[in-house]
Amino acid sequence: MHRVLGDRRAILILIGPALLVYSLIMLVPMAWSLGYSFTKGNTIDGFTGNGLDNFQRLFTDDAVRDALWFTFKYALVVTAGQVIAGYLLALLYVFVLKRASALVRTLAFFPVVLPTVAVGLLFQKLFQVAPQTGPVNSLLNMLGIESVDWFASAGSAFWVLVVMDVWRSMGFYAVLLFAGLVDIPDELLESARLDGASGLRLVRHVVLPLSFPVLMSSLIFSINGTLKVFDSIVALTNGGPGSGTTPLTLYMFQTSFTYSDYGYGSTIALLLTVVCLLVTLVVFRLSRRDLTKG
């Protein structure tokens, strides 16, 4: 193995095909999109160079500012919900249900494989107010509370989106974190119990530090996914009411394909790429902290 890895020709043969496919699928389109950022036009009217006009427009566009704020708010809340709910489920699997957790894991994971459009339609029916009262509003009526039009304001629509995406994906993060928790040696847990650690103390001082690497992996998966959210927004609210639930991805799509402004749409895509990169670097930086201290 050492002889193979020490041979540059062998390394090129091994990684060359994968690197070529990655370049064709990822790097070339990214470079192409970057080139469009310095143009205006579309495939019908043609493209003409406009220098840095798209970037100047980007920093003065109120719609970009609103979409960026919604993207950050959504990513922060949904990431916290996904990882916390997934971690609590993983703790339930390992320390409470144990070998009997297979059925619960399957049921919790089931929403992950459902089509996003189906989940969006499901939550529209759950929270609808007309023409038929949905189950959520029916429950409120039983408690003496008037029905709420959940999709009439950006604030309430945002929380419906949060509930939907946390419910839909927490099973995935539960399984991911469960895989990290089961790798903790039983001897360490037993030693901690003998030293008097139990319950929250055991989780805080033993389980959490030992599962920290997989927890950070889950956090990075989640934050990158939520920053690039698109399908669930389109399926449930389509960015409405107005543009109250429009993230950068949807605004980029609308700019490029609804208004046929490929150049400015590519500039928004470049902004989203930079945001994802910076957030990932910040998460990696924070992950260096040692949780076993303090």
# chains A, B, ... in the order shown; residues from 1 in each chain; ligands from 1
>>> closest_atom_pairs(of="region 33-103 of chain A", to="region 270-288 of chain A", cutoff="9 Å", atoms="only C-alpha atoms", output="Markdown table")
| residue | atom | partner | partner_atom | distance |
| --- | --- | --- | --- | --- |
| A:Ser33 | CA | A:Leu270 | CA | 7.9 |
| A:Leu34 | CA | A:Leu270 | CA | 7.0 |
| A:Ser37 | CA | A:Leu270 | CA | 8.1 |
| A:Leu58 | CA | A:Leu271 | CA | 8.8 |
| A:Leu68 | CA | A:Leu272 | CA | 8.7 |
>>> residues_around(residues="Tyr251 (chain A)", least_positions_apart="5", cutoff="9 Å", atoms="only C-alpha atoms", output="MDAnalysis selection string")
chainID A and resid 63:64 67 239 243 246 256 265 268
>>> write_last_selection(atoms="N, CA, C and O atoms", output="compact mmCIF listing (two decimals), in the first residue's frame")
# COMPACT_ATOMS: atom_id res chain seq x y z
N ALA A 63 -34.27 43.59 -1.90
CA ALA A 63 -34.77 42.23 -1.98
C ALA A 63 -33.70 41.22 -1.59
O ALA A 63 -33.98 40.22 -0.92
N VAL A 64 -32.45 41.48 -1.99
CA VAL A 64 -31.34 40.61 -1.59
C VAL A 64 -31.13 40.67 -0.09
O VAL A 64 -30.91 39.64 0.57
N ALA A 67 -33.93 38.70 1.54
CA ALA A 67 -33.75 37.27 1.31
C ALA A 67 -32.58 36.71 2.11
O ALA A 67 -32.65 35.59 2.64
N GLY A 239 -42.48 31.16 -1.38
CA GLY A 239 -41.89 32.45 -1.05
C GLY A 239 -42.85 33.45 -0.45
O GLY A 239 -42.43 34.54 -0.04
N SER A 243 -43.06 38.36 -0.56
CA SER A 243 -41.72 37.77 -0.56
C SER A 243 -41.26 37.51 0.87
O SER A 243 -40.06 37.45 1.14
N THR A 246 -39.04 34.26 1.22
CA THR A 246 -38.19 34.03 0.05
C THR A 246 -36.73 33.99 0.46
O THR A 246 -36.17 35.00 0.87
N SER A 256 -33.24 34.57 -12.34
CA SER A 256 -32.65 33.94 -13.52
C SER A 256 -33.69 33.43 -14.50
O SER A 256 -33.57 33.67 -15.71
N GLY A 265 -28.70 36.85 -11.60
CA GLY A 265 -28.95 35.60 -10.89
C GLY A 265 -27.67 34.87 -10.54
O GLY A 265 -27.54 34.31 -9.44
N ILE A 268 -26.12 36.53 -7.52
CA ILE A 268 -26.76 36.09 -6.27
C ILE A 268 -26.27 34.69 -5.90
O ILE A 268 -26.03 34.40 -4.72
>>> atom_distance(atom1="CA of Phe38 (chain A)", atom2="CA of Thr71 (chain A)")
24.6 Å
>>> residues_around(residues="region 186-195 of chain A", least_positions_apart="2", cutoff="12 Å", atoms="only C-alpha atoms", output="count of residues only")
19
>>> select_by_dssp(residues="region 54-175 of chain A", states="alpha helix (DSSP H)", output="ChimeraX atom specification")
/A:54-58,62-91,102-109,116-127,135-142,154-175
>>> residues_around(residues="Phe109 (chain A)", least_positions_apart="3", cutoff="9 Å", atoms="only C-alpha atoms", output="PyMOL selection string")
chain A and resi 104-106+112-113+168-172+174-175
>>> write_last_selection(atoms="all heavy atoms", output="PDB file, in the first residue's frame")
ATOM      1  N   VAL A 104     -39.013   2.427  16.330  1.00  0.00           N
ATOM      2  CA  VAL A 104     -39.087   3.883  16.485  1.00  0.00           C
ATOM      3  C   VAL A 104     -38.140   4.565  15.504  1.00  0.00           C
ATOM      4  O   VAL A 104     -38.482   5.590  14.909  1.00  0.00           O
ATOM      5  CB  VAL A 104     -38.769   4.295  17.935  1.00  0.00           C
ATOM      6  CG1 VAL A 104     -38.829   5.819  18.096  1.00  0.00           C
ATOM      7  CG2 VAL A 104     -39.740   3.636  18.897  1.00  0.00           C
ATOM      8  N   ARG A 105     -36.947   4.010  15.308  1.00  0.00           N
ATOM      9  CA  ARG A 105     -36.006   4.586  14.342  1.00  0.00           C
ATOM     10  C   ARG A 105     -36.598   4.571  12.941  1.00  0.00           C
ATOM     11  O   ARG A 105     -36.451   5.527  12.173  1.00  0.00           O
ATOM     12  CB  ARG A 105     -34.687   3.808  14.356  1.00  0.00           C
ATOM     13  CG  ARG A 105     -33.862   3.989  15.605  1.00  0.00           C
ATOM     14  CD  ARG A 105     -32.386   3.698  15.358  1.00  0.00           C
ATOM     15  NE  ARG A 105     -32.157   2.440  14.683  1.00  0.00           N
ATOM     16  CZ  ARG A 105     -31.946   1.270  15.287  1.00  0.00           C
ATOM     17  NH1 ARG A 105     -31.980   1.207  16.606  1.00  0.00           N
ATOM     18  NH2 ARG A 105     -31.710   0.174  14.592  1.00  0.00           N
ATOM     19  N   THR A 106     -37.268   3.484  12.593  1.00  0.00           N
ATOM     20  CA  THR A 106     -37.876   3.376  11.262  1.00  0.00           C
ATOM     21  C   THR A 106     -38.987   4.400  11.085  1.00  0.00           C
ATOM     22  O   THR A 106     -39.072   5.073  10.047  1.00  0.00           O
ATOM     23  CB  THR A 106     -38.432   1.960  11.050  1.00  0.00           C
ATOM     24  OG1 THR A 106     -37.379   1.004  11.219  1.00  0.00           O
ATOM     25  CG2 THR A 106     -39.032   1.814   9.674  1.00  0.00           C
ATOM     26  N   VAL A 112     -38.176  11.240   6.015  1.00  0.00           N
ATOM     27  CA  VAL A 112     -37.014  11.612   5.209  1.00  0.00           C
ATOM     28  C   VAL A 112     -37.181  11.154   3.763  1.00  0.00           C
ATOM     29  O   VAL A 112     -36.747  11.844   2.830  1.00  0.00           O
ATOM     30  CB  VAL A 112     -35.724  11.020   5.820  1.00  0.00           C
ATOM     31  CG1 VAL A 112     -34.511  11.357   4.974  1.00  0.00           C
ATOM     32  CG2 VAL A 112     -35.532  11.519   7.242  1.00  0.00           C
ATOM     33  N   VAL A 113     -37.808  10.006   3.560  1.00  0.00           N
ATOM     34  CA  VAL A 113     -37.925   9.443   2.214  1.00  0.00           C
ATOM     35  C   VAL A 113     -39.178   9.929   1.491  1.00  0.00           C
ATOM     36  O   VAL A 113     -39.384   9.582   0.320  1.00  0.00           O
ATOM     37  CB  VAL A 113     -37.921   7.898   2.265  1.00  0.00           C
ATOM     38  CG1 VAL A 113     -36.651   7.394   2.917  1.00  0.00           C
ATOM     39  CG2 VAL A 113     -39.134   7.360   3.023  1.00  0.00           C
ATOM     40  N   ARG A 168     -39.501  16.746   9.123  1.00  0.00           N
ATOM     41  CA  ARG A 168     -39.135  15.944   7.950  1.00  0.00           C
ATOM     42  C   ARG A 168     -37.723  15.389   8.036  1.00  0.00           C
ATOM     43  O   ARG A 168     -37.433  14.323   7.484  1.00  0.00           O
ATOM     44  CB  ARG A 168     -39.280  16.811   6.695  1.00  0.00           C
ATOM     45  CG  ARG A 168     -39.111  16.065   5.394  1.00  0.00           C
ATOM     46  CD  ARG A 168     -39.546  16.923   4.228  1.00  0.00           C
ATOM     47  NE  ARG A 168     -38.648  18.050   4.033  1.00  0.00           N
ATOM     48  CZ  ARG A 168     -37.724  18.110   3.081  1.00  0.00           C
ATOM     49  NH1 ARG A 168     -37.558  17.089   2.264  1.00  0.00           N
ATOM     50  NH2 ARG A 168     -36.968  19.173   2.940  1.00  0.00           N
ATOM     51  N   SER A 169     -36.809  16.072   8.700  1.00  0.00           N
ATOM     52  CA  SER A 169     -35.401  15.682   8.639  1.00  0.00           C
ATOM     53  C   SER A 169     -34.800  15.234   9.962  1.00  0.00           C
ATOM     54  O   SER A 169     -33.662  14.774   9.979  1.00  0.00           O
ATOM     55  CB  SER A 169     -34.572  16.859   8.092  1.00  0.00           C
ATOM     56  OG  SER A 169     -34.771  18.005   8.879  1.00  0.00           O
ATOM     57  N   MET A 170     -35.536  15.353  11.064  1.00  0.00           N
ATOM     58  CA  MET A 170     -34.912  14.999  12.347  1.00  0.00           C
ATOM     59  C   MET A 170     -34.592  13.507  12.419  1.00  0.00           C
ATOM     60  O   MET A 170     -33.655  13.096  13.109  1.00  0.00           O
ATOM     61  CB  MET A 170     -35.815  15.408  13.512  1.00  0.00           C
ATOM     62  CG  MET A 170     -37.124  14.674  13.601  1.00  0.00           C
ATOM     63  SD  MET A 170     -38.110  15.266  15.008  1.00  0.00           S
ATOM     64  CE  MET A 170     -39.522  14.142  14.891  1.00  0.00           C
ATOM     65  N   GLY A 171     -35.340  12.669  11.693  1.00  0.00           N
ATOM     66  CA  GLY A 171     -35.038  11.242  11.692  1.00  0.00           C
ATOM     67  C   GLY A 171     -33.691  10.934  11.077  1.00  0.00           C
ATOM     68  O   GLY A 171     -32.985  10.022  11.528  1.00  0.00           O
ATOM     69  N   PHE A 172     -33.307  11.703  10.048  1.00  0.00           N
ATOM     70  CA  PHE A 172     -32.000  11.513   9.425  1.00  0.00           C
ATOM     71  C   PHE A 172     -30.878  11.839  10.411  1.00  0.00           C
ATOM     72  O   PHE A 172     -29.910  11.070  10.556  1.00  0.00           O
ATOM     73  CB  PHE A 172     -31.877  12.387   8.189  1.00  0.00           C
ATOM     74  CG  PHE A 172     -30.482  12.485   7.630  1.00  0.00           C
ATOM     75  CD1 PHE A 172     -29.958  11.452   6.878  1.00  0.00           C
ATOM     76  CD2 PHE A 172     -29.689  13.596   7.876  1.00  0.00           C
ATOM     77  CE1 PHE A 172     -28.663  11.519   6.374  1.00  0.00           C
ATOM     78  CE2 PHE A 172     -28.404  13.680   7.380  1.00  0.00           C
ATOM     79  CZ  PHE A 172     -27.885  12.637   6.617  1.00  0.00           C
ATOM     80  N   ALA A 174     -31.114  11.926  13.616  1.00  0.00           N
ATOM     81  CA  ALA A 174     -31.166  10.974  14.725  1.00  0.00           C
ATOM     82  C   ALA A 174     -30.354   9.727  14.406  1.00  0.00           C
ATOM     83  O   ALA A 174     -29.595   9.222  15.241  1.00  0.00           O
ATOM     84  CB  ALA A 174     -32.615  10.607  15.029  1.00  0.00           C
ATOM     85  N   VAL A 175     -30.483   9.216  13.180  1.00  0.00           N
ATOM     86  CA  VAL A 175     -29.727   8.029  12.776  1.00  0.00           C
ATOM     87  C   VAL A 175     -28.237   8.347  12.692  1.00  0.00           C
ATOM     88  O   VAL A 175     -27.383   7.556  13.125  1.00  0.00           O
ATOM     89  CB  VAL A 175     -30.247   7.498  11.421  1.00  0.00           C
ATOM     90  CG1 VAL A 175     -29.327   6.417  10.879  1.00  0.00           C
ATOM     91  CG2 VAL A 175     -31.659   6.970  11.565  1.00  0.00           C
TER      92      VAL A 175
END
>>> residues_around(residues="region 135-151 of chain A", least_positions_apart="3", cutoff="12 Å", atoms="only C-alpha atoms", output="compact mmCIF listing (two decimals) with all heavy atoms, in the first residue's frame")
# COMPACT_ATOMS: atom_id res chain seq x y z
N LEU A 122 -49.14 18.06 2.60
CA LEU A 122 -49.61 17.57 3.89
C LEU A 122 -49.71 18.71 4.90
O LEU A 122 -50.73 18.85 5.60
CB LEU A 122 -48.68 16.47 4.41
CG LEU A 122 -48.90 16.01 5.86
CD1 LEU A 122 -50.27 15.34 6.00
CD2 LEU A 122 -47.79 15.06 6.30
N PHE A 123 -48.69 19.54 4.98
CA PHE A 123 -48.69 20.62 5.95
C PHE A 123 -49.64 21.76 5.53
O PHE A 123 -50.15 22.47 6.40
CB PHE A 123 -47.27 21.14 6.18
CG PHE A 123 -46.55 20.38 7.25
CD1 PHE A 123 -46.03 19.11 7.00
CD2 PHE A 123 -46.40 20.90 8.53
CE1 PHE A 123 -45.39 18.39 7.98
CE2 PHE A 123 -45.75 20.20 9.52
CZ PHE A 123 -45.24 18.94 9.26
N GLN A 124 -49.87 21.92 4.25
CA GLN A 124 -50.90 22.87 3.83
C GLN A 124 -52.26 22.44 4.34
O GLN A 124 -53.06 23.28 4.81
CB GLN A 124 -50.91 22.99 2.30
CG GLN A 124 -49.78 23.81 1.72
CD GLN A 124 -49.85 23.88 0.20
OE1 GLN A 124 -50.74 23.30 -0.43
NE2 GLN A 124 -48.92 24.62 -0.39
N LYS A 125 -52.56 21.15 4.26
CA LYS A 125 -53.83 20.64 4.75
C LYS A 125 -53.91 20.71 6.27
O LYS A 125 -54.97 21.00 6.83
CB LYS A 125 -54.04 19.20 4.28
CG LYS A 125 -54.18 19.04 2.77
CD LYS A 125 -55.43 19.75 2.27
CE LYS A 125 -55.62 19.53 0.78
NZ LYS A 125 -56.83 20.24 0.26
N LEU A 126 -52.79 20.43 6.94
CA LEU A 126 -52.79 20.46 8.40
C LEU A 126 -53.09 21.85 8.95
O LEU A 126 -53.80 22.01 9.95
CB LEU A 126 -51.44 19.97 8.93
CG LEU A 126 -51.14 18.47 8.85
CD1 LEU A 126 -49.71 18.20 9.30
CD2 LEU A 126 -52.11 17.69 9.72
N PHE A 127 -52.54 22.88 8.28
CA PHE A 127 -52.64 24.24 8.81
C PHE A 127 -53.64 25.11 8.04
O PHE A 127 -53.70 26.31 8.29
CB PHE A 127 -51.27 24.91 8.78
CG PHE A 127 -50.32 24.39 9.81
CD1 PHE A 127 -49.52 23.28 9.55
CD2 PHE A 127 -50.23 24.99 11.06
CE1 PHE A 127 -48.64 22.80 10.51
CE2 PHE A 127 -49.35 24.51 12.02
CZ PHE A 127 -48.55 23.41 11.75
N GLN A 128 -54.42 24.54 7.13
CA GLN A 128 -55.30 25.38 6.32
C GLN A 128 -56.47 25.90 7.16
O GLN A 128 -56.87 25.30 8.17
CB GLN A 128 -55.82 24.60 5.11
CG GLN A 128 -56.88 23.57 5.40
CD GLN A 128 -57.39 22.91 4.13
OE1 GLN A 128 -56.97 23.22 3.03
NE2 GLN A 128 -58.32 21.98 4.29
N VAL A 129 -57.01 27.03 6.72
CA VAL A 129 -58.14 27.65 7.41
C VAL A 129 -59.39 27.65 6.54
O VAL A 129 -60.51 27.75 7.05
CB VAL A 129 -57.77 29.09 7.85
CG1 VAL A 129 -57.56 29.98 6.63
CG2 VAL A 129 -58.81 29.68 8.78
N ALA A 130 -59.24 27.56 5.22
CA ALA A 130 -60.36 27.54 4.28
C ALA A 130 -59.91 26.81 3.02
O ALA A 130 -58.72 26.79 2.70
CB ALA A 130 -60.81 28.97 3.95
N PRO A 131 -60.80 26.18 2.28
CA PRO A 131 -62.26 26.10 2.49
C PRO A 131 -62.66 25.16 3.62
O PRO A 131 -63.79 25.20 4.09
CB PRO A 131 -62.77 25.58 1.15
CG PRO A 131 -61.63 24.76 0.61
CD PRO A 131 -60.39 25.48 1.05
N GLN A 132 -61.78 24.28 4.04
CA GLN A 132 -62.04 23.41 5.18
C GLN A 132 -61.04 23.71 6.27
O GLN A 132 -59.89 24.03 6.00
CB GLN A 132 -61.94 21.93 4.78
CG GLN A 132 -63.03 21.47 3.80
CD GLN A 132 -62.88 20.00 3.46
OE1 GLN A 132 -61.79 19.44 3.56
NE2 GLN A 132 -63.98 19.37 3.06
N ALA A 154 -45.98 36.53 7.07
CA ALA A 154 -44.65 35.92 6.94
C ALA A 154 -44.22 35.27 8.25
O ALA A 154 -43.55 34.24 8.26
CB ALA A 154 -43.64 36.97 6.51
N GLY A 155 -44.61 35.88 9.39
CA GLY A 155 -44.19 35.34 10.69
C GLY A 155 -44.74 33.96 10.96
O GLY A 155 -44.00 33.03 11.32
N SER A 156 -46.05 33.79 10.79
CA SER A 156 -46.65 32.47 11.06
C SER A 156 -46.25 31.46 9.99
O SER A 156 -46.02 30.28 10.31
CB SER A 156 -48.17 32.60 11.12
OG SER A 156 -48.69 33.18 9.93
N ALA A 157 -46.13 31.89 8.73
CA ALA A 157 -45.70 30.97 7.67
C ALA A 157 -44.27 30.47 7.94
O ALA A 157 -43.95 29.31 7.66
CB ALA A 157 -45.76 31.66 6.31
N PHE A 158 -43.43 31.34 8.49
CA PHE A 158 -42.06 30.95 8.82
C PHE A 158 -42.06 29.79 9.82
O PHE A 158 -41.31 28.81 9.65
CB PHE A 158 -41.30 32.14 9.38
CG PHE A 158 -39.97 31.80 9.98
CD1 PHE A 158 -38.87 31.55 9.19
CD2 PHE A 158 -39.82 31.72 11.37
CE1 PHE A 158 -37.64 31.22 9.74
CE2 PHE A 158 -38.60 31.40 11.93
CZ PHE A 158 -37.51 31.16 11.13
N TRP A 159 -42.90 29.87 10.84
CA TRP A 159 -42.89 28.83 11.88
C TRP A 159 -43.50 27.53 11.36
O TRP A 159 -43.10 26.44 11.80
CB TRP A 159 -43.60 29.33 13.13
CG TRP A 159 -42.79 30.37 13.84
CD1 TRP A 159 -43.06 31.69 13.95
CD2 TRP A 159 -41.54 30.15 14.50
NE1 TRP A 159 -42.06 32.33 14.64
CE2 TRP A 159 -41.11 31.41 14.99
CE3 TRP A 159 -40.73 29.05 14.73
CZ2 TRP A 159 -39.92 31.58 15.69
CZ3 TRP A 159 -39.54 29.20 15.43
CH2 TRP A 159 -39.15 30.45 15.90
N VAL A 160 -44.43 27.61 10.44
CA VAL A 160 -44.93 26.39 9.82
C VAL A 160 -43.82 25.72 9.01
O VAL A 160 -43.65 24.50 9.05
CB VAL A 160 -46.14 26.69 8.91
CG1 VAL A 160 -46.60 25.42 8.20
CG2 VAL A 160 -47.30 27.25 9.73
N LEU A 161 -43.03 26.53 8.29
CA LEU A 161 -41.88 25.99 7.56
C LEU A 161 -40.89 25.33 8.49
O LEU A 161 -40.35 24.25 8.20
CB LEU A 161 -41.19 27.12 6.79
CG LEU A 161 -41.79 27.54 5.44
CD1 LEU A 161 -41.19 28.85 4.99
CD2 LEU A 161 -41.55 26.46 4.40
N LEU A 236 -44.37 24.62 -0.04
CA LEU A 236 -45.31 25.06 0.99
C LEU A 236 -45.81 26.49 0.79
O LEU A 236 -47.02 26.74 0.84
CB LEU A 236 -44.66 24.93 2.37
CG LEU A 236 -45.60 25.19 3.56
CD1 LEU A 236 -46.74 24.18 3.57
CD2 LEU A 236 -44.83 25.11 4.88
N THR A 237 -44.93 27.44 0.55
CA THR A 237 -45.35 28.85 0.48
C THR A 237 -44.99 29.53 -0.83
O THR A 237 -45.51 30.61 -1.10
CB THR A 237 -44.70 29.66 1.62
OG1 THR A 237 -43.27 29.73 1.42
CG2 THR A 237 -44.98 29.02 2.97
N ASN A 238 -44.08 28.94 -1.60
CA ASN A 238 -43.57 29.56 -2.83
C ASN A 238 -43.04 30.97 -2.57
O ASN A 238 -43.14 31.86 -3.42
CB ASN A 238 -44.65 29.59 -3.91
CG ASN A 238 -44.07 29.77 -5.31
OD1 ASN A 238 -42.95 29.36 -5.58
ND2 ASN A 238 -44.81 30.41 -6.18
N GLY A 239 -42.48 31.16 -1.38
CA GLY A 239 -41.89 32.45 -1.05
C GLY A 239 -42.85 33.45 -0.45
O GLY A 239 -42.43 34.54 -0.04
N GLY A 240 -44.13 33.12 -0.39
CA GLY A 240 -45.12 34.07 0.10
C GLY A 240 -45.36 33.98 1.60
O GLY A 240 -44.74 33.16 2.28
N PRO A 241 -46.23 34.85 2.10
CA PRO A 241 -46.99 35.87 1.36
C PRO A 241 -46.08 37.00 0.86
O PRO A 241 -45.19 37.43 1.57
CB PRO A 241 -47.99 36.39 2.39
CG PRO A 241 -47.32 36.14 3.71
CD PRO A 241 -46.53 34.87 3.54
N GLY A 242 -46.33 37.45 -0.35
CA GLY A 242 -45.43 38.43 -0.97
C GLY A 242 -44.08 37.79 -1.18
O GLY A 242 -43.95 36.78 -1.86
N GLY A 244 -42.23 37.32 1.78
CA GLY A 244 -41.91 37.19 3.20
C GLY A 244 -41.14 35.94 3.56
O GLY A 244 -40.47 35.90 4.59
N THR A 245 -41.25 34.87 2.76
CA THR A 245 -40.51 33.63 3.04
C THR A 245 -39.64 33.26 1.84
O THR A 245 -39.53 32.08 1.48
CB THR A 245 -41.47 32.47 3.37
OG1 THR A 245 -42.37 32.28 2.27
CG2 THR A 245 -42.26 32.78 4.63
